[in-house]
$ cat run.txt   # compact mmCIF, N, CA and C atoms
# COMPACT_ATOMS: atom_id res chain seq x y z
N LEU A 24 68.20 9.32 54.26
CA LEU A 24 68.23 8.93 52.86
C LEU A 24 67.76 7.47 52.76
N PRO A 25 66.68 7.22 52.03
CA PRO A 25 66.18 5.84 51.94
C PRO A 25 67.10 4.95 51.10
N LEU A 26 67.18 3.72 51.49
CA LEU A 26 67.97 2.74 50.73
C LEU A 26 67.18 2.27 49.52
N PRO A 27 67.87 1.89 48.44
CA PRO A 27 67.15 1.35 47.28
C PRO A 27 66.56 -0.03 47.59
N LEU A 28 65.50 -0.35 46.91
CA LEU A 28 64.87 -1.67 47.01
C LEU A 28 65.36 -2.49 45.82
N VAL A 29 66.05 -3.59 46.09
CA VAL A 29 66.61 -4.44 45.03
C VAL A 29 65.85 -5.77 45.03
N LEU A 30 65.25 -6.10 43.88
CA LEU A 30 64.42 -7.30 43.75
C LEU A 30 64.91 -8.12 42.56
N ASP A 31 65.03 -9.42 42.75
CA ASP A 31 65.52 -10.29 41.69
C ASP A 31 64.50 -11.39 41.41
N ASP A 32 63.84 -11.29 40.27
CA ASP A 32 62.86 -12.29 39.79
C ASP A 32 61.80 -12.65 40.83
N ILE A 33 61.29 -11.64 41.53
CA ILE A 33 60.29 -11.91 42.57
C ILE A 33 58.92 -12.28 42.00
N LEU A 34 58.69 -11.98 40.72
CA LEU A 34 57.37 -12.22 40.13
C LEU A 34 57.34 -13.46 39.25
N VAL A 35 58.38 -14.25 39.29
CA VAL A 35 58.52 -15.37 38.36
C VAL A 35 57.39 -16.39 38.49
N GLU A 36 56.81 -16.55 39.66
CA GLU A 36 55.73 -17.53 39.87
C GLU A 36 54.33 -16.92 39.72
N TRP A 37 54.26 -15.64 39.42
CA TRP A 37 52.98 -14.94 39.36
C TRP A 37 52.44 -14.96 37.93
N ASP A 38 51.11 -14.98 37.79
CA ASP A 38 50.54 -14.87 36.46
C ASP A 38 50.67 -13.41 35.98
N ASP A 39 50.44 -13.19 34.69
CA ASP A 39 50.67 -11.87 34.10
C ASP A 39 49.82 -10.77 34.74
N GLN A 40 48.58 -11.08 35.09
CA GLN A 40 47.70 -10.07 35.68
C GLN A 40 48.22 -9.62 37.05
N ARG A 41 48.60 -10.56 37.89
CA ARG A 41 49.13 -10.21 39.21
C ARG A 41 50.49 -9.53 39.10
N ALA A 42 51.32 -9.99 38.17
CA ALA A 42 52.63 -9.38 37.98
C ALA A 42 52.48 -7.92 37.56
N LYS A 43 51.56 -7.64 36.64
CA LYS A 43 51.36 -6.26 36.20
C LYS A 43 50.86 -5.40 37.35
N ALA A 44 49.96 -5.91 38.18
CA ALA A 44 49.48 -5.17 39.34
C ALA A 44 50.64 -4.86 40.29
N ALA A 45 51.52 -5.84 40.52
CA ALA A 45 52.67 -5.63 41.40
C ALA A 45 53.62 -4.60 40.80
N LEU A 46 53.81 -4.63 39.49
CA LEU A 46 54.68 -3.66 38.83
C LEU A 46 54.13 -2.24 38.96
N GLU A 47 52.82 -2.10 38.90
CA GLU A 47 52.20 -0.79 39.10
C GLU A 47 52.46 -0.28 40.52
N VAL A 48 52.37 -1.16 41.50
CA VAL A 48 52.65 -0.79 42.89
C VAL A 48 54.12 -0.39 43.03
N LEU A 49 55.02 -1.15 42.42
CA LEU A 49 56.44 -0.82 42.50
C LEU A 49 56.73 0.52 41.84
N ALA A 50 56.04 0.83 40.75
CA ALA A 50 56.22 2.13 40.09
C ALA A 50 55.80 3.25 41.04
N GLU A 51 54.70 3.06 41.74
CA GLU A 51 54.26 4.06 42.72
C GLU A 51 55.28 4.17 43.87
N PHE A 52 55.77 3.04 44.32
CA PHE A 52 56.73 3.02 45.42
C PHE A 52 58.02 3.74 45.04
N SER A 53 58.32 3.76 43.74
CA SER A 53 59.55 4.40 43.28
C SER A 53 59.54 5.90 43.49
N GLN A 54 58.40 6.47 43.88
CA GLN A 54 58.36 7.89 44.23
C GLN A 54 59.08 8.13 45.55
N HIS A 55 59.24 7.09 46.36
CA HIS A 55 59.82 7.22 47.68
C HIS A 55 61.25 6.70 47.77
N THR A 56 61.60 5.76 46.93
CA THR A 56 62.95 5.20 46.93
C THR A 56 63.24 4.58 45.56
N GLN A 57 64.49 4.38 45.27
CA GLN A 57 64.87 3.75 44.01
C GLN A 57 64.51 2.27 44.06
N VAL A 58 63.90 1.77 42.98
CA VAL A 58 63.53 0.36 42.89
C VAL A 58 64.30 -0.26 41.73
N LEU A 59 65.04 -1.31 42.03
CA LEU A 59 65.78 -2.05 41.00
C LEU A 59 65.17 -3.44 40.91
N LEU A 60 64.61 -3.76 39.77
CA LEU A 60 63.94 -5.05 39.58
C LEU A 60 64.66 -5.79 38.45
N PHE A 61 65.18 -6.95 38.77
CA PHE A 61 65.85 -7.78 37.78
C PHE A 61 64.91 -8.92 37.40
N THR A 62 64.82 -9.18 36.09
CA THR A 62 64.00 -10.30 35.63
C THR A 62 64.59 -10.85 34.34
N HIS A 63 64.33 -12.13 34.10
CA HIS A 63 64.75 -12.73 32.84
C HIS A 63 63.54 -12.99 31.94
N LEU A 64 62.36 -12.62 32.41
CA LEU A 64 61.13 -12.90 31.66
C LEU A 64 60.74 -11.72 30.76
N ALA A 65 60.67 -11.98 29.48
CA ALA A 65 60.30 -10.94 28.52
C ALA A 65 58.90 -10.40 28.79
N SER A 66 58.00 -11.23 29.31
CA SER A 66 56.64 -10.77 29.59
C SER A 66 56.64 -9.70 30.67
N HIS A 67 57.55 -9.80 31.65
CA HIS A 67 57.62 -8.77 32.69
C HIS A 67 58.21 -7.48 32.13
N VAL A 68 59.17 -7.59 31.25
CA VAL A 68 59.75 -6.41 30.61
C VAL A 68 58.67 -5.71 29.79
N SER A 69 57.90 -6.47 29.03
CA SER A 69 56.82 -5.89 28.23
C SER A 69 55.78 -5.22 29.12
N ALA A 70 55.45 -5.85 30.25
CA ALA A 70 54.47 -5.28 31.17
C ALA A 70 54.96 -3.96 31.74
N VAL A 71 56.24 -3.90 32.08
CA VAL A 71 56.81 -2.65 32.60
C VAL A 71 56.78 -1.58 31.52
N GLU A 72 57.18 -1.93 30.32
CA GLU A 72 57.20 -0.95 29.23
C GLU A 72 55.78 -0.48 28.89
N SER A 73 54.79 -1.34 29.05
CA SER A 73 53.41 -0.95 28.74
C SER A 73 52.85 0.05 29.75
N LEU A 74 53.48 0.17 30.92
CA LEU A 74 53.03 1.15 31.90
C LEU A 74 53.26 2.58 31.39
N ALA A 75 54.23 2.74 30.50
CA ALA A 75 54.56 4.05 29.92
C ALA A 75 54.71 5.10 31.01
N ASP A 76 55.41 4.74 32.06
CA ASP A 76 55.63 5.62 33.20
C ASP A 76 56.99 6.29 33.04
N PRO A 77 57.04 7.62 33.04
CA PRO A 77 58.33 8.30 32.82
C PRO A 77 59.34 8.05 33.93
N ARG A 78 58.91 7.54 35.08
CA ARG A 78 59.84 7.25 36.18
C ARG A 78 60.58 5.95 35.95
N ILE A 79 60.14 5.14 34.98
CA ILE A 79 60.70 3.82 34.76
C ILE A 79 61.72 3.86 33.63
N CYS A 80 62.86 3.26 33.88
CA CYS A 80 63.90 3.15 32.87
C CYS A 80 64.30 1.67 32.77
N VAL A 81 64.14 1.10 31.60
CA VAL A 81 64.45 -0.32 31.40
C VAL A 81 65.85 -0.42 30.78
N HIS A 82 66.68 -1.24 31.40
CA HIS A 82 68.01 -1.51 30.88
C HIS A 82 68.09 -2.99 30.55
N HIS A 83 68.55 -3.30 29.35
CA HIS A 83 68.71 -4.70 28.93
C HIS A 83 70.16 -5.09 29.13
N LEU A 84 70.38 -6.07 29.98
CA LEU A 84 71.73 -6.56 30.23
C LEU A 84 72.04 -7.69 29.25
N PRO A 85 73.31 -7.85 28.90
CA PRO A 85 73.66 -8.92 27.96
C PRO A 85 73.44 -10.28 28.61
N GLY A 86 73.11 -11.26 27.79
CA GLY A 86 72.93 -12.62 28.28
C GLY A 86 74.26 -13.27 28.58
N ARG A 87 74.20 -14.42 29.16
CA ARG A 87 75.42 -15.16 29.52
C ARG A 87 76.24 -15.43 28.26
N GLY A 88 77.51 -15.12 28.33
CA GLY A 88 78.40 -15.35 27.20
C GLY A 88 78.41 -14.23 26.18
N GLN A 89 77.54 -13.23 26.35
CA GLN A 89 77.52 -12.10 25.44
C GLN A 89 78.33 -10.96 26.04
N ILE A 90 78.83 -10.11 25.19
CA ILE A 90 79.63 -8.97 25.63
C ILE A 90 78.78 -7.71 25.55
N ALA A 91 78.78 -6.95 26.62
CA ALA A 91 78.02 -5.70 26.64
C ALA A 91 78.71 -4.66 25.78
N GLU A 92 77.90 -3.82 25.14
CA GLU A 92 78.46 -2.71 24.39
C GLU A 92 78.96 -1.68 25.39
N ARG A 93 80.04 -1.03 25.03
CA ARG A 93 80.57 0.01 25.91
C ARG A 93 79.70 1.25 25.80
N PRO A 94 79.41 1.89 26.94
CA PRO A 94 78.64 3.13 26.88
C PRO A 94 79.46 4.24 26.28
N ALA A 95 78.79 5.24 25.74
CA ALA A 95 79.49 6.39 25.18
C ALA A 95 80.25 7.09 26.30
N ILE A 96 81.41 7.59 25.98
CA ILE A 96 82.24 8.27 26.97
C ILE A 96 82.07 9.77 26.78
N ALA A 97 81.79 10.45 27.88
CA ALA A 97 81.64 11.91 27.81
C ALA A 97 82.98 12.54 27.47
N THR A 98 82.94 13.52 26.57
CA THR A 98 84.18 14.18 26.16
C THR A 98 84.46 15.40 27.01
N GLU A 99 83.45 15.94 27.69
CA GLU A 99 83.66 17.11 28.54
C GLU A 99 83.85 16.66 29.97
N ARG A 100 84.70 17.33 30.67
CA ARG A 100 84.95 17.01 32.07
C ARG A 100 84.02 17.87 32.94
N ALA A 101 83.31 17.23 33.83
CA ALA A 101 82.39 17.94 34.70
C ALA A 101 83.18 18.68 35.78
N GLU A 102 82.70 19.86 36.11
CA GLU A 102 83.30 20.62 37.20
C GLU A 102 82.84 20.04 38.53
N VAL A 103 83.76 19.82 39.44
CA VAL A 103 83.44 19.27 40.75
C VAL A 103 83.80 20.30 41.80
N SER A 104 82.82 20.65 42.61
CA SER A 104 83.09 21.61 43.68
C SER A 104 83.62 20.86 44.89
N PRO A 105 84.26 21.56 45.84
CA PRO A 105 84.76 20.89 47.06
C PRO A 105 83.64 20.19 47.82
N ASN A 106 82.43 20.72 47.80
CA ASN A 106 81.31 20.08 48.48
C ASN A 106 80.99 18.73 47.86
N ASP A 107 81.10 18.61 46.54
CA ASP A 107 80.82 17.37 45.85
C ASP A 107 81.82 16.29 46.23
N THR A 108 83.09 16.65 46.35
CA THR A 108 84.09 15.64 46.68
C THR A 108 83.90 15.11 48.09
N GLU A 109 83.41 15.93 48.99
CA GLU A 109 83.12 15.46 50.34
C GLU A 109 81.99 14.43 50.30
N THR A 110 81.00 14.65 49.44
CA THR A 110 79.88 13.74 49.32
C THR A 110 80.33 12.40 48.77
N LEU A 111 81.32 12.41 47.89
CA LEU A 111 81.77 11.18 47.23
C LEU A 111 82.62 10.31 48.14
N ARG A 112 83.12 10.84 49.22
CA ARG A 112 84.00 10.05 50.11
C ARG A 112 83.27 9.05 50.91
$ encode --input "run.txt" --output "structure tokens"
Amino acid sequence: LPLPLVLDDILVEWDDQRAKAALEVLAEFSQHTQVLLFTHLASHVSAVESLADPRICVHHLPGRGQIAERPAIATERAEVSPNDTETLR
């Protein structure tokens, strides 16, 4: 099982053209492993969204001092088989 690739503001010193090229490569790489890219630059978020790649999911985290909205809570309880509980341990 491949480990996820976690990247934090790795493109901050790159110009927009190079950053977009790198984001395209990361999108392709995401076919092989999960890629988590953190950035504070709106231009990088826009570049990712402009790829319109269904494999990409953008999550906006609250800024410093802001409170995150609570996610919706599922009302139905999922059935868990004994095999699933072994996986979770």
$ residues_around --input "run.txt" --residues "Pro25 (chain A)" --least-positions-apart "3" --cutoff "8 Å" --atoms "all atoms listed in the file" --output "list in words"
Leu28, His55, Thr56 and Gln57 of chain A
$ atom_distance --input "run.txt" --atom1 "atom N of Ser66 (chain A)" --atom2 "CA of Ile90 (chain A)"
22.1 Å
$ residues_around --input "run.txt" --residues "Ser53 (chain A)" --least-positions-apart "4" --cutoff "10 Å" --atoms "only C-alpha atoms" --output "PyMOL selection string"
chain A and resi 27-28+47-49+57-59+78-79
$ closest_residue --input "run.txt" --among "A:Gln40, A:Cys80, A:Phe52, A:Ile33" --to "Leu64 (chain A)" --atoms "only C-alpha atoms"
A:Ile33
$ closest_residue --input "run.txt" --among "A:Ser73, A:Thr62, A:Gln54, A:Gln89" --to "Val29 (chain A)" --atoms "only C-alpha atoms"
A:Thr62
$ atom_distance --input "run.txt" --atom1 "CA of Arg41 (chain A)" --atom2 "CA of Ala75 (chain A)"
17.9 Å
$ atom_distance --input "run.txt" --atom1 "CA of Pro85 (chain A)" --atom2 "atom C of Phe61 (chain A)"
12.9 Å
$ residues_around --input "run.txt" --residues "region 37-39 of chain A" --least-positions-apart "6" --cutoff "10 Å" --atoms "only C-alpha atoms" --output "PDB file with N, CA and C atoms, keeping the file's coordinate frame"
ATOM      1  N   ALA A  45      51.520  -5.840  40.520  1.00  0.00           N
ATOM      2  CA  ALA A  45      52.670  -5.630  41.400  1.00  0.00           C
ATOM      3  C   ALA A  45      53.620  -4.600  40.800  1.00  0.00           C
ATOM      4  N   SER A  66      58.000 -11.230  29.310  1.00  0.00           N
ATOM      5  CA  SER A  66      56.640 -10.770  29.590  1.00  0.00           C
ATOM      6  C   SER A  66      56.640  -9.700  30.670  1.00  0.00           C
ATOM      7  N   HIS A  67      57.550  -9.800  31.650  1.00  0.00           N
ATOM      8  CA  HIS A  67      57.620  -8.770  32.690  1.00  0.00           C
ATOM      9  C   HIS A  67      58.210  -7.480  32.130  1.00  0.00           C
ATOM     10  N   ALA A  70      55.450  -5.850  30.250  1.00  0.00           N
ATOM     11  CA  ALA A  70      54.470  -5.280  31.170  1.00  0.00           C
ATOM     12  C   ALA A  70      54.960  -3.960  31.740  1.00  0.00           C
TER      13      ALA A  70
END
$ select_by_dssp --input "run.txt" --residues "region 38-102 of chain A" --states "strand (DSSP E)" --output "list in words"
Val58, Leu59, Leu60 and Phe61 of chain A
$ closest_residue --input "run.txt" --among "A:Leu30, A:Leu24, A:Ala65, A:Val71" --to "Ala42 (chain A)" --atoms "all atoms listed in the file"
A:Val71
$ decode --input "run.txt" --residues "region 49-99 of chain A" --atoms "C-alpha atoms" --output "mmCIF file, in the first residue's frame"
data_model
loop_
_atom_site.group_PDB
_atom_site.id
_atom_site.type_symbol
_atom_site.label_atom_id
_atom_site.label_comp_id
_atom_site.auth_asym_id
_atom_site.auth_seq_id
_atom_site.Cartn_x
_atom_site.Cartn_y
_atom_site.Cartn_z
ATOM 1 C CA LEU A 49 1.046 16.016 -9.155
ATOM 2 C CA ALA A 50 -2.441 15.372 -10.554
ATOM 3 C CA GLU A 51 -1.005 12.595 -12.723
ATOM 4 C CA PHE A 52 0.972 11.220 -9.777
ATOM 5 C CA SER A 53 -2.261 11.044 -7.780
ATOM 6 C CA GLN A 54 -3.224 8.027 -9.908
ATOM 7 C CA HIS A 55 -0.607 6.075 -7.950
ATOM 8 C CA THR A 56 -0.890 7.515 -4.439
ATOM 9 C CA GLN A 57 -2.819 10.119 -2.482
ATOM 10 C CA VAL A 58 -1.331 13.615 -2.803
ATOM 11 C CA LEU A 59 -2.009 16.222 -0.125
ATOM 12 C CA LEU A 60 -0.843 19.704 -1.061
ATOM 13 C CA PHE A 61 -1.165 22.563 1.404
ATOM 14 C CA THR A 62 -0.832 26.149 0.226
ATOM 15 C CA HIS A 63 -1.763 29.614 1.404
ATOM 16 C CA LEU A 64 -1.551 31.134 -2.087
ATOM 17 C CA ALA A 65 -4.853 31.808 -3.822
ATOM 18 C CA SER A 66 -3.109 31.656 -7.215
ATOM 19 C CA HIS A 67 -2.171 28.009 -6.586
ATOM 20 C CA VAL A 68 -5.728 27.176 -5.549
ATOM 21 C CA SER A 69 -7.028 28.823 -8.731
ATOM 22 C CA ALA A 70 -4.473 26.913 -10.826
ATOM 23 C CA VAL A 71 -5.566 23.614 -9.285
ATOM 24 C CA GLU A 72 -9.237 24.414 -9.822
ATOM 25 C CA SER A 73 -8.547 25.401 -13.443
ATOM 26 C CA LEU A 74 -7.247 21.881 -14.130
ATOM 27 C CA ALA A 75 -10.870 20.688 -13.812
ATOM 28 C CA ASP A 76 -9.573 17.236 -12.946
ATOM 29 C CA PRO A 77 -12.172 14.981 -11.286
ATOM 30 C CA ARG A 78 -9.421 13.361 -9.171
ATOM 31 C CA ILE A 79 -8.756 16.689 -7.423
ATOM 32 C CA CYS A 80 -10.710 17.818 -4.399
ATOM 33 C CA VAL A 81 -9.982 21.261 -2.945
ATOM 34 C CA HIS A 82 -10.681 21.849 0.735
ATOM 35 C CA HIS A 83 -10.521 25.356 2.180
ATOM 36 C CA LEU A 84 -9.291 25.389 5.758
ATOM 37 C CA PRO A 85 -10.203 28.260 8.077
ATOM 38 C CA GLY A 86 -7.609 30.968 8.594
ATOM 39 C CA ARG A 87 -5.885 31.643 11.868
ATOM 40 C CA GLY A 88 -8.384 32.728 14.499
ATOM 41 C CA GLN A 89 -11.372 31.558 12.449
ATOM 42 C CA ILE A 90 -13.630 28.707 13.480
ATOM 43 C CA ALA A 91 -14.302 25.897 11.037
ATOM 44 C CA GLU A 92 -17.880 25.004 10.268
ATOM 45 C CA ARG A 93 -18.893 21.620 11.564
ATOM 46 C CA PRO A 94 -19.417 19.010 8.859
ATOM 47 C CA ALA A 95 -22.846 17.487 8.450
ATOM 48 C CA ILE A 96 -23.343 14.444 10.650
ATOM 49 C CA ALA A 97 -24.639 11.286 9.021
ATOM 50 C CA THR A 98 -27.932 10.173 10.526
ATOM 51 C CA GLU A 99 -27.672 6.559 9.368
#
